[in-house]
Amino acid sequence: MSSVLLNVENLEVFYGSIHALKGLNFTVNTGEVVSLIGANGAGKTTTLRAISGLVPVRGKIEFSGKDLVSVPTHQRVSLGIAQSPEGRGVFPQMSILENLEMGAYSRSDKAQIKTDLEMCFDLFPRLKERLQQMAGTLSGGEQQMLAISRALMCKPKMLLLDEPSLGLAPLIVAQIFEIVKKLNNEGMTILLVEQNARMALKISHRAYVLETGRIVMADSAQNLLSNDEVRKSYLGI
Amino acid sequence: MQDFIQHIINGISLGSIYALIALGYTMVYGILKMINFAHSDVYMVGAFAAYYVARFLGIENNPGFSTLITLLLFSMLSCAILGLAIERFAYRPLRKAPKLNILITAIGVSLFLEYGGQVVFGADPKVFPEVMKDFVLFNIADVELKSFDVTVLLVSLIAMLGLQFLIFKTKLGRAMRAVSANSSVASLLGVNPDRIITFTFIVGSALAGIGSVLVGMKYPKIDPLMGMMIGLKAFVAAVLGGIGNVGGAVLGALIMGLSEEMVVAYLSSTYRDALAFGILIVILIFKPAGLLGKYSVEKV
Ligand SMILES: Nc1ncnc2c1ncn2[C@@H]1O[C@H](COP(=O)(O)OP(=O)(O)OP(=O)(O)O)[C@@H](O)[C@H]1O
Ligand SMILES: [Mg+2]
């Protein structure tokens, strides 16, 4: 059995009086791809924000055995957590290169940073062709590639991806999921949030189904893909 | 014709001073989306810091290059510390408060410095130390380039190029732009936004410190309310250029300086200060985002 990398217990988040997460329990093991699926407003983004420390939480978030709750967002990055946020969040007035350099902000291993840049260009050759182009002028798909690459430049142990397929053409979506799978094959642990449940489950080991701030199902991706309820509600069959 | 060129030179010199102060408004706005009304009073404190340092060192009647540098350094340092303190103790506790609370606090800090200044420094104007002699450096076809104007131009040019370098060519500057664009995404990449904000206040305030010494040199009368009018003009310059935009602040300030000089020269000096309000009203009506107003191309 592989070791637990992320362990979340009784996670609760409030936005004012809105109870967005009502006590989540889940784990991500080293080397896994785990998906969080669920409808709009279920709390998927909030979960990722909580793991990165962008919202105040109740409960426990342990990463590599270390309690994260009191660690500020910017320090979680050097512990090994990187996120490609919902809506991509590229810096529109910065070039591709500068966006990628921002990913390496808390690192000082210059030589390794160079190698990792090359790795990103291998994954997404399109980025290399446009290094000096402003990120705001990229297509949606290119921005998504940039957001993932930028997160990879943090050199994380775990990658959080929030809806990488959002608003992209099917061909690009397939390409992005291909890359996610490839990253995992090379050893990256990934927590994936998706509305495109079918694609997500196909490349995941396990998944959790979220409904209005609660986990209502947890199983291997394979079982969920053939589960009647999941097929009806999330796969549209 | 000579007159006209002379006015251009004077206007650019005045505009560069406005620019040094306008940059502080625009940088803080860019990163916190707030107007730091206390900025003009930080500038005032810079002038008094230079005044007292000169007296303390006994160089108030010792014009020359070393006096200029000494006063610049001390004024920048004092302003930087004051700016840092204001951010840390007045604004940071309100980081998540509604915009209006922050605005009122900024006005409060400004009044505190203005009237605290009258208590501490006295309300009467003081004579600023003699930074350097004003003499004609060049005389080209009857256009005079005086040492004051050349100094103002050179010092501000160096400061602005330095700022340009900092913002666009260094890692810290990149982080400043990142926090200004999206501070939560910047923090997801390991940037501590609070540190970047502090740094922004330090840099903006130090630029105001430079401005205060240059103004003290040209118009050597300082008093605790000296920041009000120049602060207003610098603020209008920042809005004119597009608040939040560094290049815009410089452009706006040059336009302000030049038009002020021209209005005084060819219309009447009575309109000197009214001009700023006039410009403000016109931009707010016709181009509220300013000349180089920030636009963002973000695809969703
Ligand atoms: N900043 C906020 N302030 C108030 N309520 C919020 C805020 N952000 C999210 N919420 C609420 O919290 C709940 C969970 O939102 P969240 O963004 O986590 O959902 P999601 O599963 O990511 O949805 P989607 O698939 O649409 O992205 C929703 O009811 C939402 O309205
Ligand atoms: Mg979401």
# chains A, B, ... in the order shown; residues from 1 in each chain; ligands from 1
call {"tool": "interface_residues", "arguments": {"of": "chain B", "to": "chain A", "cutoff": "12 Å", "atoms": "only C-alpha atoms", "output": "JSON, numbers by chain"}}
result
{"B": [167, 168, 169, 170, 171, 172, 173, 174, 175, 176, 177, 178, 179, 180, 181, 182, 183, 184, 185, 186, 187, 188, 189, 190, 191, 192, 193, 194, 195, 245, 294, 295, 296, 297, 298, 299, 300]}
call {"tool": "residues_around", "arguments": {"residues": "B:Glu60", "least_positions_apart": "4", "cutoff": "10 Å", "atoms": "only C-alpha atoms", "output": "list in words"}}
result
Ala50, Tyr51, Tyr52, Val53, Ala54, Arg55, Phe56, Thr67, Leu71, Val127, Phe128, Pro129, Glu130 and Val131 of chain B
call {"tool": "closest_residue", "arguments": {"among": "B:Asp124, B:Asp273, B:Glu114, B:Asp3", "to": "B:Ala141", "atoms": "only C-alpha atoms"}}
result
B:Asp3
call {"tool": "residues_near_ligand", "arguments": {"ligand": "ligand 1", "cutoff": "9 Å", "atoms": "only C-alpha atoms and all ligand atoms", "output": "ChimeraX atom specification"}}
result
/A:13-21,36-49,55,86,162-163,193-195,210-213
call {"tool": "write_last_selection", "arguments": {"atoms": "C-alpha atoms", "output": "PDB file, in the first residue's frame"}}
result
ATOM      1  CA  VAL A  13     -15.869  25.975   5.540  1.00  0.00           C
ATOM      2  CA  PHE A  14     -18.250  28.875   6.051  1.00  0.00           C
ATOM      3  CA  TYR A  15     -18.692  31.853   3.770  1.00  0.00           C
ATOM      4  CA  GLY A  16     -20.439  34.173   6.184  1.00  0.00           C
ATOM      5  CA  SER A  17     -23.591  32.259   6.996  1.00  0.00           C
ATOM      6  CA  ILE A  18     -23.265  29.873   4.034  1.00  0.00           C
ATOM      7  CA  HIS A  19     -22.106  26.461   5.190  1.00  0.00           C
ATOM      8  CA  ALA A  20     -20.169  25.473   2.070  1.00  0.00           C
ATOM      9  CA  LEU A  21     -18.398  22.353   3.369  1.00  0.00           C
ATOM     10  CA  LEU A  36     -13.715  15.269  -6.748  1.00  0.00           C
ATOM     11  CA  ILE A  37     -16.834  15.333  -8.843  1.00  0.00           C
ATOM     12  CA  GLY A  38     -20.154  17.012  -8.239  1.00  0.00           C
ATOM     13  CA  ALA A  39     -22.628  19.535  -9.559  1.00  0.00           C
ATOM     14  CA  ASN A  40     -22.262  23.308  -9.595  1.00  0.00           C
ATOM     15  CA  GLY A  41     -21.950  24.720  -6.109  1.00  0.00           C
ATOM     16  CA  ALA A  42     -21.244  21.333  -4.499  1.00  0.00           C
ATOM     17  CA  GLY A  43     -18.086  22.696  -2.875  1.00  0.00           C
ATOM     18  CA  LYS A  44     -15.320  21.344  -5.103  1.00  0.00           C
ATOM     19  CA  THR A  45     -13.495  24.636  -5.557  1.00  0.00           C
ATOM     20  CA  THR A  46     -13.952  25.448  -1.897  1.00  0.00           C
ATOM     21  CA  THR A  47     -12.247  22.162  -0.994  1.00  0.00           C
ATOM     22  CA  LEU A  48      -9.209  23.049  -3.105  1.00  0.00           C
ATOM     23  CA  ARG A  49      -9.155  26.565  -1.696  1.00  0.00           C
ATOM     24  CA  VAL A  55     -10.308  30.191   3.090  1.00  0.00           C
ATOM     25  CA  GLU A  86     -10.520  27.643 -11.332  1.00  0.00           C
ATOM     26  CA  ASP A 162      -9.588  22.888 -10.644  1.00  0.00           C
ATOM     27  CA  GLU A 163     -11.645  22.162 -13.753  1.00  0.00           C
ATOM     28  CA  VAL A 193     -11.775  18.667  -9.604  1.00  0.00           C
ATOM     29  CA  GLU A 194     -13.991  18.173 -12.612  1.00  0.00           C
ATOM     30  CA  GLN A 195     -17.494  18.537 -13.901  1.00  0.00           C
ATOM     31  CA  LEU A 210     -19.693  15.829  -3.521  1.00  0.00           C
ATOM     32  CA  GLU A 211     -23.230  17.034  -3.025  1.00  0.00           C
ATOM     33  CA  THR A 212     -23.962  20.382  -1.317  1.00  0.00           C
ATOM     34  CA  GLY A 213     -20.904  20.297   0.884  1.00  0.00           C
TER      35      GLY A 213
END
call {"tool": "select_by_dssp", "arguments": {"residues": "stretch 74-187 of chain A", "states": "helix (DSSP H, G or I)", "output": "VMD selection string"}}
result
chain A and resid 74 to 79 96 to 103 110 to 123 125 to 129 135 to 137 140 to 152 170 to 185
call {"tool": "closest_residue", "arguments": {"among": "A:Leu152, A:Leu171, A:Leu161, A:Val230", "to": "ligand 2", "atoms": "only C-alpha atoms and all ligand atoms"}}
result
A:Leu161
call {"tool": "residues_around", "arguments": {"residues": "A:Met199", "least_positions_apart": "4", "cutoff": "10 Å", "atoms": "only C-alpha atoms", "output": "list in words"}}
result
Ser165, Val173, Ala174, Phe177, Glu178, Glu194, Gln195, Ile203, Ser204 and Leu235 of chain A
call {"tool": "write_last_selection", "arguments": {"atoms": "N, CA and C atoms", "output": "CSV table (one decimal), in the first residue's frame"}}
result
chain,number,residue,atom,x,y,z
A,165,SER,N,-10.7,21.4,-17.7
A,165,SER,CA,-11.4,21.2,-19.0
A,165,SER,C,-12.4,22.3,-19.3
A,173,VAL,N,-9.5,19.2,-24.6
A,173,VAL,CA,-9.8,18.6,-23.3
A,173,VAL,C,-9.1,17.2,-23.3
A,174,ALA,N,-9.2,16.5,-24.4
A,174,ALA,CA,-8.6,15.2,-24.4
A,174,ALA,C,-7.1,15.3,-24.2
A,177,PHE,N,-6.2,16.0,-20.6
A,177,PHE,CA,-6.4,14.8,-19.7
A,177,PHE,C,-5.2,13.9,-20.0
A,178,GLU,N,-4.8,13.8,-21.2
A,178,GLU,CA,-3.7,12.9,-21.6
A,178,GLU,C,-2.5,13.4,-20.8
A,194,GLU,N,-13.4,18.1,-11.3
A,194,GLU,CA,-14.0,18.2,-12.6
A,194,GLU,C,-15.5,18.1,-12.6
A,195,GLN,N,-16.1,18.8,-13.6
A,195,GLN,CA,-17.5,18.5,-13.9
A,195,GLN,C,-17.6,17.5,-15.0
A,203,ILE,N,-9.3,8.7,-15.9
A,203,ILE,CA,-7.9,8.8,-15.6
A,203,ILE,C,-7.6,8.7,-14.1
A,204,SER,N,-8.6,8.5,-13.3
A,204,SER,CA,-8.4,8.5,-11.8
A,204,SER,C,-8.3,7.1,-11.3
A,235,LEU,N,-22.9,11.2,-15.4
A,235,LEU,CA,-22.4,10.9,-16.7
A,235,LEU,C,-23.4,11.0,-17.8
call {"tool": "select_by_dssp", "arguments": {"residues": "stretch 45-198 of chain A", "states": "strand (DSSP E or B)", "output": "list in words"}}
result
Arg58, Gly59, Lys60, Ile61, Glu62, Phe63, Lys66, Asp67, Ile81, Ala82, Gln83, Ser84, Ser95, Met134, Met158, Leu159, Leu160, Leu161, Asp162, Thr189, Ile190, Leu191, Leu192, Val193 and Glu194 of chain A
call {"tool": "residues_around", "arguments": {"residues": "A:Asn223", "least_positions_apart": "3", "cutoff": "12 Å", "atoms": "only C-alpha atoms", "output": "PDB file with N, CA and C atoms, in the first residue's frame"}}
result
ATOM      1  N   LEU A 201     -13.019  10.407 -14.335  1.00  0.00           N
ATOM      2  CA  LEU A 201     -12.995   9.053 -13.768  1.00  0.00           C
ATOM      3  C   LEU A 201     -12.097   8.133 -14.588  1.00  0.00           C
ATOM      4  N   LYS A 202     -12.043   8.371 -15.887  1.00  0.00           N
ATOM      5  CA  LYS A 202     -11.228   7.497 -16.746  1.00  0.00           C
ATOM      6  C   LYS A 202      -9.754   7.546 -16.385  1.00  0.00           C
ATOM      7  N   SER A 204      -8.639   8.530 -13.271  1.00  0.00           N
ATOM      8  CA  SER A 204      -8.441   8.526 -11.826  1.00  0.00           C
ATOM      9  C   SER A 204      -8.345   7.123 -11.255  1.00  0.00           C
ATOM     10  N   HIS A 205      -7.696   7.030 -10.098  1.00  0.00           N
ATOM     11  CA  HIS A 205      -7.724   5.771  -9.361  1.00  0.00           C
ATOM     12  C   HIS A 205      -8.970   5.713  -8.504  1.00  0.00           C
ATOM     13  N   ARG A 206      -9.203   6.810  -7.786  1.00  0.00           N
ATOM     14  CA  ARG A 206     -10.370   6.855  -6.907  1.00  0.00           C
ATOM     15  C   ARG A 206     -11.068   8.187  -7.099  1.00  0.00           C
ATOM     16  N   ALA A 207     -12.304   8.270  -6.578  1.00  0.00           N
ATOM     17  CA  ALA A 207     -13.018   9.541  -6.669  1.00  0.00           C
ATOM     18  C   ALA A 207     -13.992   9.677  -5.521  1.00  0.00           C
ATOM     19  N   TYR A 208     -14.303  10.928  -5.219  1.00  0.00           N
ATOM     20  CA  TYR A 208     -15.322  11.249  -4.222  1.00  0.00           C
ATOM     21  C   TYR A 208     -16.403  12.062  -4.922  1.00  0.00           C
ATOM     22  N   MET A 217     -20.476   9.776  -1.923  1.00  0.00           N
ATOM     23  CA  MET A 217     -19.974   8.503  -2.420  1.00  0.00           C
ATOM     24  C   MET A 217     -18.462   8.549  -2.480  1.00  0.00           C
ATOM     25  N   ALA A 218     -17.852   7.431  -2.201  1.00  0.00           N
ATOM     26  CA  ALA A 218     -16.406   7.331  -2.309  1.00  0.00           C
ATOM     27  C   ALA A 218     -16.087   5.930  -2.776  1.00  0.00           C
ATOM     28  N   ASP A 219     -15.359   5.848  -3.890  1.00  0.00           N
ATOM     29  CA  ASP A 219     -15.078   4.510  -4.405  1.00  0.00           C
ATOM     30  C   ASP A 219     -13.955   4.582  -5.433  1.00  0.00           C
ATOM     31  N   SER A 220     -13.571   3.420  -5.930  1.00  0.00           N
ATOM     32  CA  SER A 220     -12.596   3.422  -7.013  1.00  0.00           C
ATOM     33  C   SER A 220     -13.267   4.013  -8.248  1.00  0.00           C
ATOM     34  N   SER A 226     -19.278   2.561 -13.320  1.00  0.00           N
ATOM     35  CA  SER A 226     -20.349   1.614 -13.628  1.00  0.00           C
ATOM     36  C   SER A 226     -21.499   1.700 -12.625  1.00  0.00           C
ATOM     37  N   ASN A 227     -21.383   2.634 -11.682  1.00  0.00           N
ATOM     38  CA  ASN A 227     -22.445   2.806 -10.693  1.00  0.00           C
ATOM     39  C   ASN A 227     -23.658   3.485 -11.323  1.00  0.00           C
ATOM     40  N   ASP A 228     -24.838   2.905 -11.133  1.00  0.00           N
ATOM     41  CA  ASP A 228     -26.045   3.411 -11.787  1.00  0.00           C
ATOM     42  C   ASP A 228     -26.346   4.857 -11.439  1.00  0.00           C
ATOM     43  N   GLU A 229     -26.246   5.146 -10.148  1.00  0.00           N
ATOM     44  CA  GLU A 229     -26.581   6.490  -9.703  1.00  0.00           C
ATOM     45  C   GLU A 229     -25.634   7.523 -10.310  1.00  0.00           C
ATOM     46  N   VAL A 230     -24.358   7.195 -10.296  1.00  0.00           N
ATOM     47  CA  VAL A 230     -23.370   8.100 -10.872  1.00  0.00           C
ATOM     48  C   VAL A 230     -23.621   8.256 -12.357  1.00  0.00           C
ATOM     49  N   ARG A 231     -23.913   7.147 -13.018  1.00  0.00           N
ATOM     50  CA  ARG A 231     -24.161   7.214 -14.458  1.00  0.00           C
ATOM     51  C   ARG A 231     -25.336   8.135 -14.763  1.00  0.00           C
TER      52      ARG A 231
END
call {"tool": "closest_residue", "arguments": {"among": "A:Pro56, A:Gly80, A:Pro125, A:Pro164", "to": "ligand 2", "atoms": "only C-alpha atoms and all ligand atoms"}}
result
A:Pro164
call {"tool": "atom_distance", "arguments": {"atom1": "atom CA of B:Asn139", "atom2": "atom CA of B:Gly11"}}
result
17.7 Å
call {"tool": "residues_around", "arguments": {"residues": "B:Ile21", "least_positions_apart": "5", "cutoff": "12 Å", "atoms": "only C-alpha atoms", "output": "VMD selection string"}}
result
chain B and resid 14 to 16 26 to 28 36 to 44 46 79 156 159 to 160 203 to 215 227 to 238 246 249 to 250 252 to 254
call {"tool": "write_last_selection", "arguments": {"atoms": "C-alpha atoms", "output": "PDB file, in the first residue's frame"}}
result
ATOM      1  CA  LEU B  14       7.657  70.614 -12.431  1.00  0.00           C
ATOM      2  CA  GLY B  15       6.057  67.554 -13.987  1.00  0.00           C
ATOM      3  CA  SER B  16       8.917  65.305 -12.899  1.00  0.00           C
ATOM      4  CA  THR B  26      -0.541  54.791  -8.368  1.00  0.00           C
ATOM      5  CA  MET B  27       1.621  51.968  -7.005  1.00  0.00           C
ATOM      6  CA  VAL B  28      -0.413  51.660  -3.832  1.00  0.00           C
ATOM      7  CA  ASN B  36      -3.519  56.465   0.153  1.00  0.00           C
ATOM      8  CA  PHE B  37      -4.542  59.965   1.169  1.00  0.00           C
ATOM      9  CA  ALA B  38      -1.705  60.096   3.685  1.00  0.00           C
ATOM     10  CA  HIS B  39       0.839  59.913   0.871  1.00  0.00           C
ATOM     11  CA  SER B  40       1.111  63.696   0.481  1.00  0.00           C
ATOM     12  CA  ASP B  41       1.792  63.992   4.204  1.00  0.00           C
ATOM     13  CA  VAL B  42       4.518  61.391   4.024  1.00  0.00           C
ATOM     14  CA  TYR B  43       6.027  63.732   1.464  1.00  0.00           C
ATOM     15  CA  MET B  44       5.726  66.617   3.942  1.00  0.00           C
ATOM     16  CA  GLY B  46      10.222  63.868   4.226  1.00  0.00           C
ATOM     17  CA  CYS B  79       9.527  58.465   4.313  1.00  0.00           C
ATOM     18  CA  SER B 156      13.816  62.094 -11.125  1.00  0.00           C
ATOM     19  CA  ALA B 159      14.577  57.393  -9.778  1.00  0.00           C
ATOM     20  CA  MET B 160      12.062  56.530 -12.478  1.00  0.00           C
ATOM     21  CA  VAL B 203       9.254  52.291  -2.495  1.00  0.00           C
ATOM     22  CA  GLY B 204       6.373  54.711  -3.098  1.00  0.00           C
ATOM     23  CA  SER B 205       7.165  56.648   0.065  1.00  0.00           C
ATOM     24  CA  ALA B 206      10.868  56.839  -0.704  1.00  0.00           C
ATOM     25  CA  LEU B 207      10.011  58.364  -4.087  1.00  0.00           C
ATOM     26  CA  ALA B 208       7.925  60.993  -2.286  1.00  0.00           C
ATOM     27  CA  GLY B 209      10.988  61.623  -0.099  1.00  0.00           C
ATOM     28  CA  ILE B 210      13.026  62.365  -3.205  1.00  0.00           C
ATOM     29  CA  GLY B 211      10.283  64.705  -4.371  1.00  0.00           C
ATOM     30  CA  SER B 212      10.273  66.572  -1.084  1.00  0.00           C
ATOM     31  CA  VAL B 213      13.974  67.386  -1.262  1.00  0.00           C
ATOM     32  CA  LEU B 214      13.700  68.533  -4.877  1.00  0.00           C
ATOM     33  CA  VAL B 215      10.732  70.758  -4.060  1.00  0.00           C
ATOM     34  CA  GLY B 227       1.626  68.337   0.997  1.00  0.00           C
ATOM     35  CA  MET B 228      -2.013  69.185   0.414  1.00  0.00           C
ATOM     36  CA  MET B 229      -1.888  71.038  -2.886  1.00  0.00           C
ATOM     37  CA  ILE B 230       1.005  69.158  -4.461  1.00  0.00           C
ATOM     38  CA  GLY B 231      -0.529  65.889  -3.286  1.00  0.00           C
ATOM     39  CA  LEU B 232      -3.788  66.790  -4.945  1.00  0.00           C
ATOM     40  CA  LYS B 233      -2.033  67.635  -8.189  1.00  0.00           C
ATOM     41  CA  ALA B 234      -0.005  64.448  -8.118  1.00  0.00           C
ATOM     42  CA  PHE B 235      -3.156  62.501  -7.439  1.00  0.00           C
ATOM     43  CA  VAL B 236      -4.895  64.129 -10.392  1.00  0.00           C
ATOM     44  CA  ALA B 237      -1.831  63.301 -12.487  1.00  0.00           C
ATOM     45  CA  ALA B 238      -2.129  59.658 -11.458  1.00  0.00           C
ATOM     46  CA  VAL B 246       3.083  53.358 -13.536  1.00  0.00           C
ATOM     47  CA  ALA B 249       1.455  58.367 -13.670  1.00  0.00           C
ATOM     48  CA  VAL B 250       4.591  59.770 -15.286  1.00  0.00           C
ATOM     49  CA  GLY B 252      -0.079  62.376 -16.408  1.00  0.00           C
ATOM     50  CA  ALA B 253       2.404  64.243 -14.237  1.00  0.00           C
ATOM     51  CA  LEU B 254       4.270  65.635 -17.234  1.00  0.00           C
TER      52      LEU B 254
END
call {"tool": "closest_residue", "arguments": {"among": "A:Leu11, A:Ile113, A:Val71, A:Leu192", "to": "ligand 2", "atoms": "only C-alpha atoms and all ligand atoms"}}
result
A:Leu192
